[in-house]
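For reference, the structure is listed below as structure tokens.
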Amino acid sequence: MKKILLIICLAALSASVSAQSVNFGIKAGLNLSTVRASPSDPIEKTNDRAGFHVGAIADIGFKEFSLQPGLYYITKGNTFTTTYPASDGQQGMVEKGDTRLDYLELPVNVVYNLKIVPDVKMYFGAGGYLGYGLSGKGKATITGRINETFEDNFSFGGDLNADKNPDYGLSFIAGTRLKHFSIDVNYSLGLANILQEDGVNTRKNSAAGISLGYWYK
């Protein structure tokens, strides 16, 4: 993980040396995320979870194109409802829960900038991201045959009960910038299985968000 981050930082630094312009900014916003399961569980229904992101970004410009690396704190996860049917004359159960996963995320996008009028431009681009899981938390309530509420903290690492690091995937962005301010929509499609390998099941992140930004110049 540290080696990959170092390579990305060195590449961005090398690009900035020959860039026509370099700008820095901060961004924050809201996102809807989910954890895609494969194979899907017929008794479990997953829904998006609302979260947020905040961080810093750079824009390394080359005429109409620019390289945009960033570093964000972002919350992901999902909500779910699992229905356990009645069996052997016993009452069924319904479990409703919420899973939050906290990441430090480094996206790098190649962006095309289109000037509309002076001081106003549209931009869109794509690239990839690398995420490092920091912590997580889950809570659920069971009703029916059993009535119970419980919470659990998640860890990331090599433990079989922990989620895997790192996370990585594709990223997409489109937005508008007016002088020092920008607004954009973004989407990340996780390609890494964050579930410890069992040879059968996989869990992958995905998130869609909207961001407001302020640029230094």
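Lettering and numbering for the structure tokens are positional, with chains as A, B, ... in the shown order, residues counted from 1 in each chain, and ligands counted from 1 in the shown order.
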> Which residues come within 10 Å of Arg36 in chain A, counting only C-alpha atoms, excluding same-chain residues fewer than 6 positions away, as JSON, numbers by chain?
Replying inline: {"A": [46, 47, 77, 78, 189, 190, 193, 202, 203, 204, 205, 206]}
Residues from the last selection, N, CA and C atoms, saved as an mmCIF file, in the first residue's frame:
```cif
data_model
loop_
_atom_site.group_PDB
_atom_site.id
_atom_site.type_symbol
_atom_site.label_atom_id
_atom_site.label_comp_id
_atom_site.auth_asym_id
_atom_site.auth_seq_id
_atom_site.Cartn_x
_atom_site.Cartn_y
_atom_site.Cartn_z
ATOM 1 N N THR A 46 -30.413 -5.102 -0.206
ATOM 2 C CA THR A 46 -29.502 -4.030 0.179
ATOM 3 C C THR A 46 -29.959 -2.705 -0.420
ATOM 4 N N ASN A 47 -29.671 -1.620 0.291
ATOM 5 C CA ASN A 47 -30.015 -0.280 -0.159
ATOM 6 C C ASN A 47 -28.822 0.640 0.045
ATOM 7 N N GLY A 77 -20.441 2.081 2.699
ATOM 8 C CA GLY A 77 -21.211 1.044 3.373
ATOM 9 C C GLY A 77 -22.549 0.830 2.696
ATOM 10 N N ASN A 78 -23.517 0.325 3.449
ATOM 11 C CA ASN A 78 -24.861 0.120 2.912
ATOM 12 C C ASN A 78 -25.849 -0.111 4.052
ATOM 13 N N LEU A 189 -16.481 2.910 -8.876
ATOM 14 C CA LEU A 189 -16.870 1.513 -9.030
ATOM 15 C C LEU A 189 -15.748 0.645 -8.499
ATOM 16 N N GLY A 190 -15.976 0.037 -7.346
ATOM 17 C CA GLY A 190 -14.953 -0.795 -6.734
ATOM 18 C C GLY A 190 -14.715 -2.083 -7.502
ATOM 19 N N ASN A 193 -12.317 -7.090 -4.007
ATOM 20 C CA ASN A 193 -13.155 -7.819 -3.059
ATOM 21 C C ASN A 193 -12.709 -7.456 -1.653
ATOM 22 N N THR A 202 -18.106 -12.519 -2.773
ATOM 23 C CA THR A 202 -17.349 -11.284 -2.912
ATOM 24 C C THR A 202 -18.207 -10.109 -2.471
ATOM 25 N N ARG A 203 -17.543 -9.062 -2.002
ATOM 26 C CA ARG A 203 -18.205 -7.805 -1.640
ATOM 27 C C ARG A 203 -17.370 -6.670 -2.227
ATOM 28 N N LYS A 204 -18.021 -5.782 -3.009
ATOM 29 C CA LYS A 204 -17.300 -4.687 -3.660
ATOM 30 C C LYS A 204 -18.036 -3.372 -3.430
ATOM 31 N N ASN A 205 -17.273 -2.317 -3.178
ATOM 32 C CA ASN A 205 -17.833 -0.997 -2.926
ATOM 33 C C ASN A 205 -18.250 -0.306 -4.220
ATOM 34 N N SER A 206 -19.235 0.573 -4.112
ATOM 35 C CA SER A 206 -19.541 1.543 -5.162
ATOM 36 C C SER A 206 -20.203 2.738 -4.503
#
```
Which parts of range 18-212 of chain A does DSSP call strand (DSSP E or B) when run on the backbone here, written out as a CSV table (one decimal) with N, CA and C atoms, in the first residue's frame?
```
chain,number,residue,atom,x,y,z
A,21,SER,N,0.1,24.8,-15.6
A,21,SER,CA,-0.5,25.4,-14.4
A,21,SER,C,-0.7,24.4,-13.3
A,22,VAL,N,-0.6,24.8,-12.1
A,22,VAL,CA,-0.9,23.9,-10.9
A,22,VAL,C,-1.8,24.7,-10.0
A,23,ASN,N,-2.9,24.1,-9.6
A,23,ASN,CA,-3.8,24.7,-8.7
A,23,ASN,C,-4.2,23.7,-7.6
A,24,PHE,N,-4.6,24.3,-6.4
A,24,PHE,CA,-5.0,23.4,-5.3
A,24,PHE,C,-6.3,23.9,-4.8
A,25,GLY,N,-7.1,22.9,-4.2
A,25,GLY,CA,-8.4,23.2,-3.7
A,25,GLY,C,-8.8,22.3,-2.6
A,26,ILE,N,-10.0,22.5,-2.0
A,26,ILE,CA,-10.6,21.6,-1.1
A,26,ILE,C,-12.0,21.3,-1.5
A,27,LYS,N,-12.4,20.1,-1.2
A,27,LYS,CA,-13.7,19.6,-1.6
A,27,LYS,C,-14.4,18.9,-0.5
A,28,ALA,N,-15.8,19.0,-0.5
A,28,ALA,CA,-16.6,18.3,0.5
A,28,ALA,C,-17.9,18.0,-0.1
A,29,GLY,N,-18.6,17.0,0.3
A,29,GLY,CA,-19.9,16.7,-0.3
A,29,GLY,C,-20.5,15.4,0.3
A,30,LEU,N,-21.6,15.0,-0.3
A,30,LEU,CA,-22.4,13.9,0.2
A,30,LEU,C,-22.3,12.8,-0.8
A,31,ASN,N,-22.5,11.6,-0.4
A,31,ASN,CA,-22.5,10.4,-1.3
A,31,ASN,C,-23.4,9.3,-0.9
A,32,LEU,N,-23.9,8.6,-1.8
A,32,LEU,CA,-24.7,7.4,-1.6
A,32,LEU,C,-23.9,6.2,-2.0
A,33,SER,N,-23.7,5.2,-1.1
A,33,SER,CA,-22.9,4.1,-1.4
A,33,SER,C,-23.6,2.8,-1.1
A,34,THR,N,-23.0,1.7,-1.7
A,34,THR,CA,-23.5,0.4,-1.4
A,34,THR,C,-22.4,-0.6,-1.5
A,35,VAL,N,-22.6,-1.8,-1.0
A,35,VAL,CA,-21.6,-2.9,-1.1
A,35,VAL,C,-22.3,-4.0,-2.0
A,36,ARG,N,-21.8,-4.2,-3.2
A,36,ARG,CA,-22.3,-5.2,-4.1
A,36,ARG,C,-21.9,-6.6,-3.7
A,37,ALA,N,-22.9,-7.4,-3.5
A,37,ALA,CA,-22.6,-8.8,-3.1
A,37,ALA,C,-22.7,-9.8,-4.3
A,38,SER,N,-21.8,-10.7,-4.4
A,38,SER,CA,-21.9,-11.7,-5.5
A,38,SER,C,-21.5,-13.1,-4.9
A,44,GLU,N,-31.8,-11.3,1.3
A,44,GLU,CA,-31.3,-10.1,1.7
A,44,GLU,C,-31.5,-9.0,0.7
A,45,LYS,N,-32.0,-7.8,1.1
A,45,LYS,CA,-32.2,-6.7,0.2
A,45,LYS,C,-31.3,-5.6,0.7
A,46,THR,N,-30.4,-5.1,-0.2
A,46,THR,CA,-29.5,-4.0,0.2
A,46,THR,C,-30.0,-2.7,-0.4
A,47,ASN,N,-29.7,-1.6,0.3
A,47,ASN,CA,-30.0,-0.3,-0.2
A,47,ASN,C,-28.8,0.6,0.0
A,49,ARG,N,-26.6,3.7,1.3
A,49,ARG,CA,-26.3,4.4,2.6
A,49,ARG,C,-25.8,5.8,2.3
A,50,ALA,N,-26.4,6.8,3.0
A,50,ALA,CA,-25.9,8.2,2.9
A,50,ALA,C,-24.6,8.4,3.7
A,51,GLY,N,-23.7,9.0,3.1
A,51,GLY,CA,-22.4,9.3,3.8
A,51,GLY,C,-21.9,10.7,3.3
A,52,PHE,N,-20.6,10.9,3.6
A,52,PHE,CA,-20.0,12.2,3.2
A,52,PHE,C,-18.5,12.0,2.9
A,53,HIS,N,-17.9,13.0,2.3
A,53,HIS,CA,-16.5,13.0,2.0
A,53,HIS,C,-15.9,14.4,2.1
A,54,VAL,N,-14.7,14.5,2.5
A,54,VAL,CA,-14.0,15.8,2.6
A,54,VAL,C,-12.5,15.6,2.4
A,55,GLY,N,-11.9,16.5,1.7
A,55,GLY,CA,-10.5,16.4,1.4
A,55,GLY,C,-9.9,17.5,0.6
A,56,ALA,N,-8.7,17.2,0.1
A,56,ALA,CA,-7.9,18.2,-0.7
A,56,ALA,C,-7.7,17.6,-2.1
A,57,ILE,N,-7.5,18.5,-3.1
A,57,ILE,CA,-7.3,18.1,-4.5
A,57,ILE,C,-6.4,19.1,-5.2
A,58,ALA,N,-5.7,18.5,-6.2
A,58,ALA,CA,-4.8,19.4,-7.0
A,58,ALA,C,-5.2,19.2,-8.5
A,59,ASP,N,-5.0,20.3,-9.2
A,59,ASP,CA,-5.2,20.3,-10.7
A,59,ASP,C,-4.0,20.7,-11.4
A,60,ILE,N,-3.4,19.7,-12.1
A,60,ILE,CA,-2.1,19.9,-12.8
A,60,ILE,C,-2.5,20.0,-14.3
A,61,GLY,N,-2.5,21.3,-14.8
A,61,GLY,CA,-3.0,21.5,-16.1
A,61,GLY,C,-2.0,21.4,-17.3
A,62,PHE,N,-2.5,20.8,-18.4
A,62,PHE,CA,-1.8,20.8,-19.7
A,62,PHE,C,-2.8,21.2,-20.8
A,65,PHE,N,-6.4,19.6,-21.0
A,65,PHE,CA,-6.4,18.5,-20.1
A,65,PHE,C,-5.7,18.8,-18.8
A,66,SER,N,-6.1,18.1,-17.8
A,66,SER,CA,-5.4,18.2,-16.5
A,66,SER,C,-5.5,16.9,-15.7
A,67,LEU,N,-4.5,16.7,-14.9
A,67,LEU,CA,-4.4,15.6,-14.0
A,67,LEU,C,-4.9,16.0,-12.6
A,68,GLN,N,-5.8,15.3,-12.0
A,68,GLN,CA,-6.4,15.7,-10.7
A,68,GLN,C,-6.2,14.6,-9.7
A,69,PRO,N,-5.2,14.6,-8.9
A,69,PRO,CA,-5.1,13.7,-7.8
A,69,PRO,C,-5.7,14.4,-6.5
A,70,GLY,N,-6.3,13.5,-5.7
A,70,GLY,CA,-6.9,14.1,-4.5
A,70,GLY,C,-6.7,13.1,-3.3
A,71,LEU,N,-7.0,13.6,-2.1
A,71,LEU,CA,-6.9,12.7,-0.9
A,71,LEU,C,-8.1,13.1,-0.1
A,72,TYR,N,-9.0,12.1,0.2
A,72,TYR,CA,-10.2,12.3,0.9
A,72,TYR,C,-10.4,11.3,2.1
A,73,TYR,N,-11.2,11.8,3.0
A,73,TYR,CA,-11.8,10.9,4.0
A,73,TYR,C,-13.2,10.7,3.6
A,74,ILE,N,-13.6,9.4,3.4
A,74,ILE,CA,-14.9,9.1,2.9
A,74,ILE,C,-15.6,8.0,3.6
A,75,THR,N,-16.9,8.1,3.9
A,75,THR,CA,-17.7,7.0,4.5
A,75,THR,C,-18.5,6.3,3.5
A,76,LYS,N,-18.4,5.0,3.5
A,76,LYS,CA,-19.1,4.1,2.6
A,76,LYS,C,-19.9,3.1,3.4
A,77,GLY,N,-20.4,2.1,2.7
A,77,GLY,CA,-21.2,1.0,3.4
A,77,GLY,C,-22.5,0.8,2.7
A,78,ASN,N,-23.5,0.3,3.4
A,78,ASN,CA,-24.9,0.1,2.9
A,78,ASN,C,-25.8,-0.1,4.1
A,79,THR,N,-27.1,-0.2,3.7
A,79,THR,CA,-28.2,-0.6,4.6
A,79,THR,C,-28.7,-1.9,4.1
A,80,PHE,N,-29.3,-2.7,4.9
A,80,PHE,CA,-29.8,-4.0,4.4
A,80,PHE,C,-31.1,-4.4,5.2
A,81,THR,N,-31.9,-5.2,4.6
A,81,THR,CA,-33.0,-5.9,5.2
A,81,THR,C,-33.0,-7.4,4.9
A,82,THR,N,-32.9,-8.2,5.9
A,82,THR,CA,-32.8,-9.7,5.7
A,82,THR,C,-34.1,-10.3,6.3
A,83,THR,N,-34.8,-11.1,5.5
A,83,THR,CA,-36.0,-11.7,5.9
A,83,THR,C,-35.8,-13.2,6.0
A,84,TYR,N,-35.9,-13.7,7.2
A,84,TYR,CA,-35.8,-15.1,7.5
A,84,TYR,C,-37.2,-15.7,7.6
A,87,SER,N,-40.2,-21.4,9.7
A,87,SER,CA,-39.9,-22.8,9.4
A,87,SER,C,-40.3,-23.6,10.6
A,90,GLN,N,-42.3,-22.3,13.4
A,90,GLN,CA,-41.7,-21.2,14.2
A,90,GLN,C,-41.9,-19.9,13.4
A,93,MET,N,-38.3,-14.1,11.1
A,93,MET,CA,-37.6,-12.9,11.6
A,93,MET,C,-37.2,-12.0,10.5
A,94,VAL,N,-37.1,-10.7,10.9
A,94,VAL,CA,-36.6,-9.7,10.0
A,94,VAL,C,-35.5,-8.9,10.6
A,95,GLU,N,-34.4,-8.8,9.9
A,95,GLU,CA,-33.2,-8.1,10.4
A,95,GLU,C,-32.9,-6.9,9.5
A,96,LYS,N,-32.9,-5.7,10.2
A,96,LYS,CA,-32.6,-4.5,9.5
A,96,LYS,C,-31.3,-3.9,10.1
A,97,GLY,N,-30.4,-3.5,9.2
A,97,GLY,CA,-29.1,-3.1,9.7
A,97,GLY,C,-28.5,-2.0,8.8
A,98,ASP,N,-27.4,-1.5,9.3
A,98,ASP,CA,-26.6,-0.4,8.7
A,98,ASP,C,-25.1,-0.7,8.9
A,99,THR,N,-24.4,-0.6,7.8
A,99,THR,CA,-22.9,-0.9,7.8
A,99,THR,C,-22.2,0.4,7.4
A,100,ARG,N,-21.3,0.9,8.2
A,100,ARG,CA,-20.5,2.1,7.8
A,100,ARG,C,-19.0,1.6,7.7
A,101,LEU,N,-18.4,2.0,6.6
A,101,LEU,CA,-17.0,1.8,6.4
A,101,LEU,C,-16.3,3.1,6.1
A,102,ASP,N,-15.2,3.4,6.9
A,102,ASP,CA,-14.5,4.6,6.8
A,102,ASP,C,-13.2,4.4,6.0
A,103,TYR,N,-13.0,5.2,5.0
A,103,TYR,CA,-11.8,5.0,4.1
A,103,TYR,C,-11.0,6.3,4.0
A,104,LEU,N,-9.7,6.2,3.8
A,104,LEU,CA,-8.8,7.2,3.3
A,104,LEU,C,-8.6,6.9,1.8
A,105,GLU,N,-9.1,7.8,0.9
A,105,GLU,CA,-9.1,7.5,-0.5
A,105,GLU,C,-8.4,8.4,-1.3
A,106,LEU,N,-7.6,7.9,-2.3
A,106,LEU,CA,-6.8,8.7,-3.2
A,106,LEU,C,-7.3,8.4,-4.6
A,107,PRO,N,-8.1,9.3,-5.2
A,107,PRO,CA,-8.5,9.2,-6.6
A,107,PRO,C,-7.5,10.0,-7.5
A,108,VAL,N,-7.3,9.5,-8.7
A,108,VAL,CA,-6.5,10.2,-9.7
A,108,VAL,C,-7.3,10.2,-11.0
A,109,ASN,N,-7.7,11.4,-11.5
A,109,ASN,CA,-8.5,11.4,-12.7
A,109,ASN,C,-7.8,12.3,-13.8
A,110,VAL,N,-8.0,11.8,-15.0
A,110,VAL,CA,-7.6,12.6,-16.2
A,110,VAL,C,-8.8,13.4,-16.6
A,111,VAL,N,-8.7,14.7,-16.7
A,111,VAL,CA,-9.9,15.6,-16.9
A,111,VAL,C,-9.8,16.4,-18.2
A,112,TYR,N,-10.9,16.5,-18.9
A,112,TYR,CA,-10.9,17.4,-20.1
A,112,TYR,C,-11.7,18.6,-19.7
A,113,ASN,N,-11.1,19.8,-19.9
A,113,ASN,CA,-11.7,21.1,-19.6
A,113,ASN,C,-12.3,21.8,-20.8
A,114,LEU,N,-13.5,22.2,-20.8
A,114,LEU,CA,-14.2,22.9,-21.9
A,114,LEU,C,-14.6,24.3,-21.4
A,115,LYS,N,-14.0,25.3,-22.0
A,115,LYS,CA,-14.4,26.7,-21.6
A,115,LYS,C,-15.7,27.1,-22.2
A,116,ILE,N,-16.6,27.5,-21.5
A,116,ILE,CA,-17.9,27.9,-22.0
A,116,ILE,C,-17.9,29.4,-22.3
A,117,VAL,N,-17.7,30.2,-21.2
A,117,VAL,CA,-17.5,31.7,-21.3
A,117,VAL,C,-16.3,32.0,-20.4
A,120,VAL,N,-15.8,30.5,-16.8
A,120,VAL,CA,-16.8,29.4,-16.6
A,120,VAL,C,-16.3,28.3,-17.5
A,121,LYS,N,-16.2,27.1,-16.9
A,121,LYS,CA,-15.8,25.9,-17.7
A,121,LYS,C,-16.5,24.7,-17.2
A,122,MET,N,-16.7,23.7,-18.1
A,122,MET,CA,-17.2,22.4,-17.8
A,122,MET,C,-16.1,21.4,-17.9
A,123,TYR,N,-16.1,20.4,-17.1
A,123,TYR,CA,-15.1,19.4,-17.1
A,123,TYR,C,-15.6,18.0,-16.9
A,124,PHE,N,-15.0,17.0,-17.5
A,124,PHE,CA,-15.4,15.6,-17.2
A,124,PHE,C,-14.2,14.8,-17.4
A,125,GLY,N,-14.1,13.6,-16.7
A,125,GLY,CA,-13.0,12.8,-16.8
A,125,GLY,C,-13.1,11.5,-16.1
A,126,ALA,N,-12.1,10.7,-16.1
A,126,ALA,CA,-12.1,9.3,-15.5
A,126,ALA,C,-10.7,9.0,-15.1
A,127,GLY,N,-10.7,8.0,-14.2
A,127,GLY,CA,-9.4,7.5,-13.7
A,127,GLY,C,-9.6,6.3,-12.8
A,128,GLY,N,-8.8,6.3,-11.7
A,128,GLY,CA,-8.9,5.2,-10.8
A,128,GLY,C,-8.7,5.8,-9.4
A,129,TYR,N,-9.0,4.9,-8.4
A,129,TYR,CA,-8.8,5.3,-7.0
A,129,TYR,C,-8.2,4.2,-6.2
A,130,LEU,N,-7.6,4.5,-5.1
A,130,LEU,CA,-7.0,3.6,-4.2
A,130,LEU,C,-7.5,4.0,-2.8
A,131,GLY,N,-8.1,3.0,-2.1
A,131,GLY,CA,-8.6,3.3,-0.8
A,131,GLY,C,-8.0,2.4,0.3
A,132,TYR,N,-7.8,3.0,1.5
A,132,TYR,CA,-7.3,2.3,2.6
A,132,TYR,C,-8.3,2.4,3.8
A,133,GLY,N,-8.9,1.2,4.2
A,133,GLY,CA,-9.9,1.2,5.2
A,133,GLY,C,-9.3,1.5,6.6
A,134,LEU,N,-10.0,2.4,7.3
A,134,LEU,CA,-9.6,2.9,8.6
A,134,LEU,C,-10.3,2.1,9.7
A,135,SER,N,-11.6,2.1,9.6
A,135,SER,CA,-12.5,1.5,10.6
A,135,SER,C,-13.9,1.3,10.0
A,136,GLY,N,-14.7,0.7,10.8
A,136,GLY,CA,-16.1,0.4,10.4
A,136,GLY,C,-17.0,0.1,11.5
A,137,LYS,N,-18.3,0.2,11.3
A,137,LYS,CA,-19.2,-0.1,12.4
A,137,LYS,C,-20.5,-0.6,11.8
A,138,GLY,N,-21.1,-1.6,12.4
A,138,GLY,CA,-22.3,-2.2,12.0
A,138,GLY,C,-23.3,-2.2,13.1
A,139,LYS,N,-24.6,-2.0,12.8
A,139,LYS,CA,-25.6,-2.2,13.8
A,139,LYS,C,-26.9,-2.8,13.1
A,140,ALA,N,-27.6,-3.5,13.9
A,140,ALA,CA,-28.8,-4.2,13.3
A,140,ALA,C,-29.8,-4.5,14.4
A,141,THR,N,-31.1,-4.6,14.0
A,141,THR,CA,-32.2,-4.9,14.9
A,141,THR,C,-32.9,-6.1,14.3
A,142,ILE,N,-33.2,-7.1,15.1
A,142,ILE,CA,-33.9,-8.3,14.7
A,142,ILE,C,-35.3,-8.3,15.4
A,143,THR,N,-36.3,-8.5,14.6
A,143,THR,CA,-37.6,-8.6,15.2
A,143,THR,C,-38.3,-9.9,14.7
A,144,GLY,N,-39.2,-10.4,15.5
A,144,GLY,CA,-39.9,-11.7,15.1
A,144,GLY,C,-39.7,-12.7,16.2
A,148,GLU,N,-33.9,-8.4,19.1
A,148,GLU,CA,-32.6,-8.1,19.6
A,148,GLU,C,-32.0,-6.9,18.8
A,149,THR,N,-31.2,-6.1,19.5
A,149,THR,CA,-30.4,-5.0,18.8
A,149,THR,C,-29.0,-5.2,19.2
A,150,PHE,N,-28.1,-5.1,18.2
A,150,PHE,CA,-26.7,-5.3,18.5
A,150,PHE,C,-25.8,-4.4,17.6
A,151,GLU,N,-24.6,-4.1,18.1
A,151,GLU,CA,-23.6,-3.3,17.3
A,151,GLU,C,-22.3,-4.0,17.3
A,152,ASP,N,-21.5,-3.7,16.3
A,152,ASP,CA,-20.2,-4.4,16.2
A,152,ASP,C,-19.2,-3.4,15.4
A,153,ASN,N,-18.0,-3.4,15.8
A,153,ASN,CA,-16.9,-2.7,15.2
A,153,ASN,C,-16.2,-3.5,14.2
A,154,PHE,N,-15.9,-3.0,13.0
A,154,PHE,CA,-15.1,-3.7,12.0
A,154,PHE,C,-13.7,-3.3,12.0
A,156,PHE,N,-9.9,-3.7,9.6
A,156,PHE,CA,-9.3,-4.0,8.3
A,156,PHE,C,-7.9,-4.6,8.5
A,163,ASP,N,-12.3,-6.9,7.3
A,163,ASP,CA,-12.4,-6.6,5.9
A,163,ASP,C,-11.0,-6.4,5.3
A,167,ASP,N,-8.7,-1.2,-1.0
A,167,ASP,CA,-9.8,-1.1,-1.9
A,167,ASP,C,-9.3,-0.3,-3.1
A,168,TYR,N,-9.8,-0.7,-4.3
A,168,TYR,CA,-9.4,0.1,-5.5
A,168,TYR,C,-10.5,-0.1,-6.6
A,169,GLY,N,-10.4,0.8,-7.6
A,169,GLY,CA,-11.4,0.7,-8.6
A,169,GLY,C,-11.4,1.9,-9.6
A,170,LEU,N,-12.4,2.0,-10.3
A,170,LEU,CA,-12.5,3.1,-11.3
A,170,LEU,C,-13.3,4.3,-10.8
A,171,SER,N,-12.9,5.5,-11.3
A,171,SER,CA,-13.6,6.7,-10.8
A,171,SER,C,-13.9,7.6,-12.0
A,172,PHE,N,-15.1,8.3,-11.9
A,172,PHE,CA,-15.6,9.1,-13.0
A,172,PHE,C,-16.1,10.4,-12.4
A,173,ILE,N,-15.9,11.5,-13.1
A,173,ILE,CA,-16.3,12.9,-12.6
A,173,ILE,C,-16.7,13.8,-13.7
A,174,ALA,N,-17.7,14.7,-13.4
A,174,ALA,CA,-18.2,15.7,-14.4
A,174,ALA,C,-18.7,16.9,-13.5
A,175,GLY,N,-18.4,18.1,-14.0
A,175,GLY,CA,-18.8,19.2,-13.2
A,175,GLY,C,-18.6,20.5,-13.9
A,176,THR,N,-18.8,21.6,-13.2
A,176,THR,CA,-18.7,23.0,-13.7
A,176,THR,C,-17.9,23.8,-12.7
A,177,ARG,N,-17.1,24.7,-13.2
A,177,ARG,CA,-16.3,25.6,-12.3
A,177,ARG,C,-16.5,27.0,-12.7
A,178,LEU,N,-16.7,27.9,-11.7
A,178,LEU,CA,-16.9,29.3,-11.9
A,178,LEU,C,-15.9,30.0,-11.0
A,181,PHE,N,-14.9,28.5,-7.5
A,181,PHE,CA,-15.8,27.5,-7.0
A,181,PHE,C,-16.2,26.5,-8.0
A,182,SER,N,-16.4,25.3,-7.6
A,182,SER,CA,-16.8,24.2,-8.5
A,182,SER,C,-17.9,23.3,-7.8
A,183,ILE,N,-18.7,22.7,-8.7
A,183,ILE,CA,-19.6,21.7,-8.3
A,183,ILE,C,-19.5,20.5,-9.2
A,184,ASP,N,-19.5,19.3,-8.7
A,184,ASP,CA,-19.4,18.2,-9.6
A,184,ASP,C,-20.1,16.9,-9.1
A,185,VAL,N,-20.4,16.0,-9.9
A,185,VAL,CA,-20.9,14.7,-9.6
A,185,VAL,C,-19.8,13.7,-9.8
A,186,ASN,N,-19.8,12.6,-9.0
A,186,ASN,CA,-18.7,11.7,-9.2
A,186,ASN,C,-19.2,10.3,-8.9
A,187,TYR,N,-18.6,9.3,-9.4
A,187,TYR,CA,-19.0,7.9,-9.2
A,187,TYR,C,-17.7,7.0,-9.1
A,188,SER,N,-17.7,6.1,-8.2
A,188,SER,CA,-16.6,5.2,-8.1
A,188,SER,C,-17.1,3.7,-8.1
A,189,LEU,N,-16.5,2.9,-8.9
A,189,LEU,CA,-16.9,1.5,-9.0
A,189,LEU,C,-15.7,0.6,-8.5
A,190,GLY,N,-16.0,0.0,-7.3
A,190,GLY,CA,-15.0,-0.8,-6.7
A,190,GLY,C,-14.7,-2.1,-7.5
A,202,THR,N,-18.1,-12.5,-2.8
A,202,THR,CA,-17.3,-11.3,-2.9
A,202,THR,C,-18.2,-10.1,-2.5
A,203,ARG,N,-17.5,-9.1,-2.0
A,203,ARG,CA,-18.2,-7.8,-1.6
A,203,ARG,C,-17.4,-6.7,-2.2
A,204,LYS,N,-18.0,-5.8,-3.0
A,204,LYS,CA,-17.3,-4.7,-3.7
A,204,LYS,C,-18.0,-3.4,-3.4
A,205,ASN,N,-17.3,-2.3,-3.2
A,205,ASN,CA,-17.8,-1.0,-2.9
A,205,ASN,C,-18.2,-0.3,-4.2
A,206,SER,N,-19.2,0.6,-4.1
A,206,SER,CA,-19.5,1.5,-5.2
A,206,SER,C,-20.2,2.7,-4.5
A,207,ALA,N,-20.0,3.9,-5.1
A,207,ALA,CA,-20.5,5.1,-4.5
A,207,ALA,C,-20.7,6.2,-5.5
A,208,ALA,N,-21.8,7.0,-5.4
A,208,ALA,CA,-22.1,8.1,-6.2
A,208,ALA,C,-22.2,9.4,-5.3
A,209,GLY,N,-21.6,10.5,-5.7
A,209,GLY,CA,-21.6,11.6,-4.8
A,209,GLY,C,-21.7,13.0,-5.6
A,210,ILE,N,-21.9,14.0,-4.8
A,210,ILE,CA,-21.9,15.4,-5.3
A,210,ILE,C,-20.9,16.2,-4.4
A,211,SER,N,-20.1,17.0,-5.0
A,211,SER,CA,-19.1,17.7,-4.3
A,211,SER,C,-19.1,19.2,-4.6
A,212,LEU,N,-18.8,20.0,-3.6
A,212,LEU,CA,-18.6,21.4,-3.7
A,212,LEU,C,-17.1,21.7,-3.4
```
>> Between CA of Gln91 in chain A and CA of Ile146 in chain A, what is the distance in Å, rounded to a tenth?
In response: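 Rounded to one decimal, the two atoms are 8.9 Å apart.
For the pair CA of Pro118 in chain A and CA of Gly213 in chain A, the interatomic distance is 18.8 Å.
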>> Between A:Tyr216, A:Ile194, A:Pro85, A:Asp119, which residue has the minimum interatomic distance to Pro42 in chain A, considering only C-alpha atoms?
In response: A:Pro85
